[in-house]
Amino acid sequence: MIDLTRQRCLNHAQREAAARCPECGHFYCRECIAEHEGRVVCAKCLTKLASASGRDTGGKALPALALPCVAAFLFIWMCFFGLGQALLVLPDAFHSGEFWQGESREEE
Ligand SMILES: [Zn+2]
Ligand SMILES: [Zn+2]
């Protein structure tokens, strides 16, 4: 007694499909679809379309997450840069000074 013409919602297997999403082509129930610019699309495609056109939902998440990462990266980079500068300066000071006088350091 299964009616094959009657489609079910992709998210809710028990529920009858109310509309078909034109973006992904899947069937969804009334709860899983929303109207976007005159078209009826599913929630997944709605956020995708909204972030692509309006940048209302998806656009904010990335910069808010990326900023601390960039700040942390810059901080670590500056630490390594400072360490590298210190290592570059130190042997020069040792050479010019009398620190290495006791030890024999041959260049060739
Ligand atoms: Zn969809
Ligand atoms: Zn549903």
# chains A, B, ... in the order shown; residues from 1 in each chain; ligands from 1

call {"tool": "closest_atom_pairs", "arguments": {"of": "chain A", "to": "ligand 2", "cutoff": "9 Å", "atoms": "only C-alpha atoms and all ligand atoms", "output": "Markdown table"}}
result
| residue | atom | partner | partner_atom_place_in_ligand_line | distance |
| --- | --- | --- | --- | --- |
| A:Arg8 | CA | ligand 2 | 1 (Zn) | 8.3 |
| A:Cys9 | CA | ligand 2 | 1 (Zn) | 4.9 |
| A:Leu10 | CA | ligand 2 | 1 (Zn) | 6.4 |
| A:Asn11 | CA | ligand 2 | 1 (Zn) | 4.8 |
| A:His12 | CA | ligand 2 | 1 (Zn) | 4.5 |
| A:Ala13 | CA | ligand 2 | 1 (Zn) | 7.8 |
| A:Gln14 | CA | ligand 2 | 1 (Zn) | 8.8 |
| A:Arg15 | CA | ligand 2 | 1 (Zn) | 6.6 |
| A:Glu16 | CA | ligand 2 | 1 (Zn) | 8.2 |
| A:Ala17 | CA | ligand 2 | 1 (Zn) | 7.4 |
| A:Ala18 | CA | ligand 2 | 1 (Zn) | 8.8 |
| A:Phe27 | CA | ligand 2 | 1 (Zn) | 8.6 |
| A:Tyr28 | CA | ligand 2 | 1 (Zn) | 5.2 |
| A:Cys29 | CA | ligand 2 | 1 (Zn) | 4.2 |
| A:Arg30 | CA | ligand 2 | 1 (Zn) | 6.5 |
| A:Glu31 | CA | ligand 2 | 1 (Zn) | 5.4 |
| A:Cys32 | CA | ligand 2 | 1 (Zn) | 4.5 |
| A:Ile33 | CA | ligand 2 | 1 (Zn) | 7.7 |

call {"tool": "residues_near_ligand", "arguments": {"ligand": "ligand 1", "cutoff": "9 Å", "atoms": "only C-alpha atoms and all ligand atoms", "output": "PDB file with N, CA and C atoms, in the first residue's frame"}}
result
ATOM      1  N   ARG A  20       9.178  20.814  -3.389  1.00  0.00           N
ATOM      2  CA  ARG A  20      10.465  20.308  -3.853  1.00  0.00           C
ATOM      3  C   ARG A  20      11.426  21.484  -3.987  1.00  0.00           C
ATOM      4  N   CYS A  21      12.604  21.338  -3.394  1.00  0.00           N
ATOM      5  CA  CYS A  21      13.588  22.412  -3.458  1.00  0.00           C
ATOM      6  C   CYS A  21      14.182  22.474  -4.865  1.00  0.00           C
ATOM      7  N   PRO A  22      14.112  23.629  -5.516  1.00  0.00           N
ATOM      8  CA  PRO A  22      14.662  23.748  -6.882  1.00  0.00           C
ATOM      9  C   PRO A  22      16.190  23.744  -6.910  1.00  0.00           C
ATOM     10  N   GLU A  23      16.805  23.994  -5.776  1.00  0.00           N
ATOM     11  CA  GLU A  23      18.266  24.071  -5.730  1.00  0.00           C
ATOM     12  C   GLU A  23      18.895  22.681  -5.661  1.00  0.00           C
ATOM     13  N   CYS A  24      18.474  21.889  -4.675  1.00  0.00           N
ATOM     14  CA  CYS A  24      19.078  20.574  -4.501  1.00  0.00           C
ATOM     15  C   CYS A  24      18.209  19.458  -5.060  1.00  0.00           C
ATOM     16  N   GLY A  25      16.931  19.755  -5.339  1.00  0.00           N
ATOM     17  CA  GLY A  25      16.067  18.787  -5.977  1.00  0.00           C
ATOM     18  C   GLY A  25      15.429  17.782  -5.042  1.00  0.00           C
ATOM     19  N   HIS A  26      15.611  17.953  -3.729  1.00  0.00           N
ATOM     20  CA  HIS A  26      15.022  17.032  -2.763  1.00  0.00           C
ATOM     21  C   HIS A  26      13.638  17.527  -2.325  1.00  0.00           C
ATOM     22  N   PHE A  27      12.855  16.586  -1.800  1.00  0.00           N
ATOM     23  CA  PHE A  27      11.526  16.930  -1.316  1.00  0.00           C
ATOM     24  C   PHE A  27      11.572  17.197   0.181  1.00  0.00           C
ATOM     25  N   TYR A  28      10.762  18.182   0.590  1.00  0.00           N
ATOM     26  CA  TYR A  28      10.755  18.545   2.008  1.00  0.00           C
ATOM     27  C   TYR A  28       9.341  18.822   2.475  1.00  0.00           C
ATOM     28  N   ILE A  33      11.037  23.813   4.659  1.00  0.00           N
ATOM     29  CA  ILE A  33      11.186  24.719   3.514  1.00  0.00           C
ATOM     30  C   ILE A  33      10.913  26.146   3.931  1.00  0.00           C
ATOM     31  N   VAL A  40      10.567  28.673  -3.313  1.00  0.00           N
ATOM     32  CA  VAL A  40      10.507  27.838  -2.121  1.00  0.00           C
ATOM     33  C   VAL A  40      11.709  26.909  -2.114  1.00  0.00           C
ATOM     34  N   VAL A  41      12.598  27.125  -1.152  1.00  0.00           N
ATOM     35  CA  VAL A  41      13.806  26.312  -1.058  1.00  0.00           C
ATOM     36  C   VAL A  41      13.896  25.703   0.334  1.00  0.00           C
ATOM     37  N   CYS A  42      14.758  24.697   0.486  1.00  0.00           N
ATOM     38  CA  CYS A  42      14.919  24.067   1.782  1.00  0.00           C
ATOM     39  C   CYS A  42      15.815  24.940   2.675  1.00  0.00           C
ATOM     40  N   ALA A  43      15.894  24.596   3.951  1.00  0.00           N
ATOM     41  CA  ALA A  43      16.633  25.416   4.911  1.00  0.00           C
ATOM     42  C   ALA A  43      18.121  25.437   4.584  1.00  0.00           C
ATOM     43  N   LYS A  44      18.621  24.314   4.102  1.00  0.00           N
ATOM     44  CA  LYS A  44      20.055  24.226   3.792  1.00  0.00           C
ATOM     45  C   LYS A  44      20.415  25.149   2.632  1.00  0.00           C
ATOM     46  N   CYS A  45      19.546  25.117   1.602  1.00  0.00           N
ATOM     47  CA  CYS A  45      19.811  25.959   0.440  1.00  0.00           C
ATOM     48  C   CYS A  45      19.497  27.424   0.748  1.00  0.00           C
ATOM     49  N   LEU A  46      18.608  27.646   1.709  1.00  0.00           N
ATOM     50  CA  LEU A  46      18.257  29.020   2.079  1.00  0.00           C
ATOM     51  C   LEU A  46      19.473  29.727   2.681  1.00  0.00           C
TER      52      LEU A  46
END

call {"tool": "atom_distance", "arguments": {"atom1": "atom CA of A:Ala19", "atom2": "atom CA of A:Glu35"}}
result
10.9 Å

call {"tool": "atom_distance", "arguments": {"atom1": "atom CA of A:Leu49", "atom2": "atom CA of A:Pro68"}}
result
26.9 Å

call {"tool": "decode", "arguments": {"residues": "stretch 21-37 of chain A", "atoms": "all heavy atoms", "output": "tab-separated table (two decimals), in the first residue's frame"}}
result
chain	number	residue	atom	x	y	z
A	21	CYS	N	12.60	21.34	-3.39
A	21	CYS	CA	13.59	22.41	-3.46
A	21	CYS	C	14.18	22.47	-4.86
A	21	CYS	O	14.69	21.47	-5.37
A	21	CYS	CB	14.69	22.17	-2.43
A	21	CYS	SG	16.02	23.38	-2.53
A	22	PRO	N	14.11	23.63	-5.52
A	22	PRO	CA	14.66	23.75	-6.88
A	22	PRO	C	16.19	23.74	-6.91
A	22	PRO	O	16.79	23.52	-7.96
A	22	PRO	CB	14.10	25.09	-7.37
A	22	PRO	CG	13.86	25.88	-6.14
A	22	PRO	CD	13.51	24.89	-5.05
A	23	GLU	N	16.81	23.99	-5.78
A	23	GLU	CA	18.27	24.07	-5.73
A	23	GLU	C	18.90	22.68	-5.66
A	23	GLU	O	19.76	22.33	-6.46
A	23	GLU	CB	18.70	24.90	-4.51
A	23	GLU	CG	18.39	26.37	-4.65
A	23	GLU	CD	19.19	27.04	-5.76
A	23	GLU	OE1	20.39	26.75	-5.88
A	23	GLU	OE2	18.62	27.86	-6.51
A	24	CYS	N	18.47	21.89	-4.68
A	24	CYS	CA	19.08	20.57	-4.50
A	24	CYS	C	18.21	19.46	-5.06
A	24	CYS	O	18.67	18.33	-5.23
A	24	CYS	CB	19.37	20.32	-3.02
A	24	CYS	SG	17.94	20.42	-1.95
A	25	GLY	N	16.93	19.76	-5.34
A	25	GLY	CA	16.07	18.79	-5.98
A	25	GLY	C	15.43	17.78	-5.04
A	25	GLY	O	14.78	16.84	-5.48
A	26	HIS	N	15.61	17.95	-3.73
A	26	HIS	CA	15.02	17.03	-2.76
A	26	HIS	C	13.64	17.53	-2.33
A	26	HIS	O	13.32	18.70	-2.45
A	26	HIS	CB	15.93	16.91	-1.54
A	26	HIS	CG	17.21	16.20	-1.84
A	26	HIS	ND1	18.44	16.78	-1.67
A	26	HIS	CD2	17.46	14.96	-2.32
A	26	HIS	CE1	19.39	15.94	-2.03
A	26	HIS	NE2	18.82	14.82	-2.42
A	27	PHE	N	12.86	16.59	-1.80
A	27	PHE	CA	11.53	16.93	-1.32
A	27	PHE	C	11.57	17.20	0.18
A	27	PHE	O	12.30	16.53	0.93
A	27	PHE	CB	10.55	15.78	-1.60
A	27	PHE	CG	10.26	15.63	-3.08
A	27	PHE	CD1	11.07	14.82	-3.88
A	27	PHE	CD2	9.20	16.31	-3.66
A	27	PHE	CE1	10.82	14.70	-5.23
A	27	PHE	CE2	8.94	16.19	-5.02
A	27	PHE	CZ	9.75	15.38	-5.81
A	28	TYR	N	10.76	18.18	0.59
A	28	TYR	CA	10.76	18.55	2.01
A	28	TYR	C	9.34	18.82	2.48
A	28	TYR	O	8.46	19.18	1.67
A	28	TYR	CB	11.61	19.79	2.25
A	28	TYR	CG	13.07	19.56	1.97
A	28	TYR	CD1	13.61	19.88	0.74
A	28	TYR	CD2	13.90	19.04	2.95
A	28	TYR	CE1	14.95	19.66	0.48
A	28	TYR	CE2	15.24	18.83	2.71
A	28	TYR	CZ	15.76	19.14	1.47
A	28	TYR	OH	17.08	18.92	1.23
A	29	CYS	N	9.15	18.69	3.79
A	29	CYS	CA	7.85	19.00	4.37
A	29	CYS	C	7.74	20.51	4.62
A	29	CYS	O	8.69	21.26	4.36
A	29	CYS	CB	7.65	18.22	5.68
A	29	CYS	SG	8.73	18.79	7.02
A	30	ARG	N	6.60	20.92	5.15
A	30	ARG	CA	6.36	22.35	5.33
A	30	ARG	C	7.34	22.98	6.32
A	30	ARG	O	7.66	24.16	6.21
A	30	ARG	CB	4.92	22.57	5.83
A	30	ARG	CG	3.89	22.33	4.76
A	30	ARG	CD	2.50	22.50	5.33
A	30	ARG	NE	2.26	23.87	5.79
A	30	ARG	CZ	1.83	24.86	5.00
A	30	ARG	NH1	1.59	24.61	3.72
A	30	ARG	NH2	1.63	26.06	5.47
A	31	GLU	N	7.80	22.24	7.28
A	31	GLU	CA	8.71	22.79	8.29
A	31	GLU	C	10.12	22.98	7.75
A	31	GLU	O	10.88	23.79	8.27
A	31	GLU	CB	8.75	21.85	9.51
A	31	GLU	CG	7.56	22.01	10.42
A	31	GLU	CD	7.69	21.14	11.66
A	31	GLU	OE1	8.82	20.94	12.12
A	31	GLU	OE2	6.66	20.66	12.14
A	32	CYS	N	10.48	22.21	6.76
A	32	CYS	CA	11.86	22.22	6.28
A	32	CYS	C	12.08	23.17	5.10
A	32	CYS	O	13.21	23.29	4.62
A	32	CYS	CB	12.27	20.80	5.87
A	32	CYS	SG	12.26	19.66	7.24
A	33	ILE	N	11.04	23.81	4.66
A	33	ILE	CA	11.19	24.72	3.51
A	33	ILE	C	10.91	26.15	3.93
A	33	ILE	O	10.25	26.41	4.94
A	33	ILE	CB	10.25	24.32	2.34
A	33	ILE	CG1	8.81	24.24	2.84
A	33	ILE	CG2	10.72	23.04	1.71
A	33	ILE	CD1	7.81	24.10	1.73
A	34	ALA	N	11.44	27.06	3.17
A	34	ALA	CA	11.22	28.48	3.42
A	34	ALA	C	11.22	29.21	2.09
A	34	ALA	O	11.77	28.72	1.10
A	34	ALA	CB	12.30	29.03	4.33
A	35	GLU	N	10.62	30.39	2.11
A	35	GLU	CA	10.53	31.16	0.88
A	35	GLU	C	11.71	32.12	0.79
A	35	GLU	O	12.07	32.77	1.76
A	35	GLU	CB	9.21	31.94	0.85
A	35	GLU	CG	8.75	32.22	-0.57
A	35	GLU	CD	7.38	32.89	-0.57
A	35	GLU	OE1	6.43	32.30	-0.04
A	35	GLU	OE2	7.28	34.01	-1.10
A	36	HIS	N	12.31	32.15	-0.37
A	36	HIS	CA	13.46	33.03	-0.58
A	36	HIS	C	13.36	33.65	-1.96
A	36	HIS	O	13.49	32.96	-2.96
A	36	HIS	CB	14.76	32.24	-0.43
A	36	HIS	CG	15.98	33.08	-0.67
A	36	HIS	ND1	16.43	34.01	0.24
A	36	HIS	CD2	16.82	33.15	-1.72
A	36	HIS	CE1	17.51	34.61	-0.25
A	36	HIS	NE2	17.77	34.11	-1.45
A	37	GLU	N	13.11	34.95	-1.99
A	37	GLU	CA	13.00	35.70	-3.24
A	37	GLU	C	11.99	35.08	-4.20
A	37	GLU	O	12.27	34.87	-5.38
A	37	GLU	CB	14.39	35.80	-3.90
A	37	GLU	CG	15.35	36.67	-3.10
A	37	GLU	CD	16.73	36.70	-3.72
A	37	GLU	OE1	16.94	36.02	-4.74
A	37	GLU	OE2	17.60	37.40	-3.18
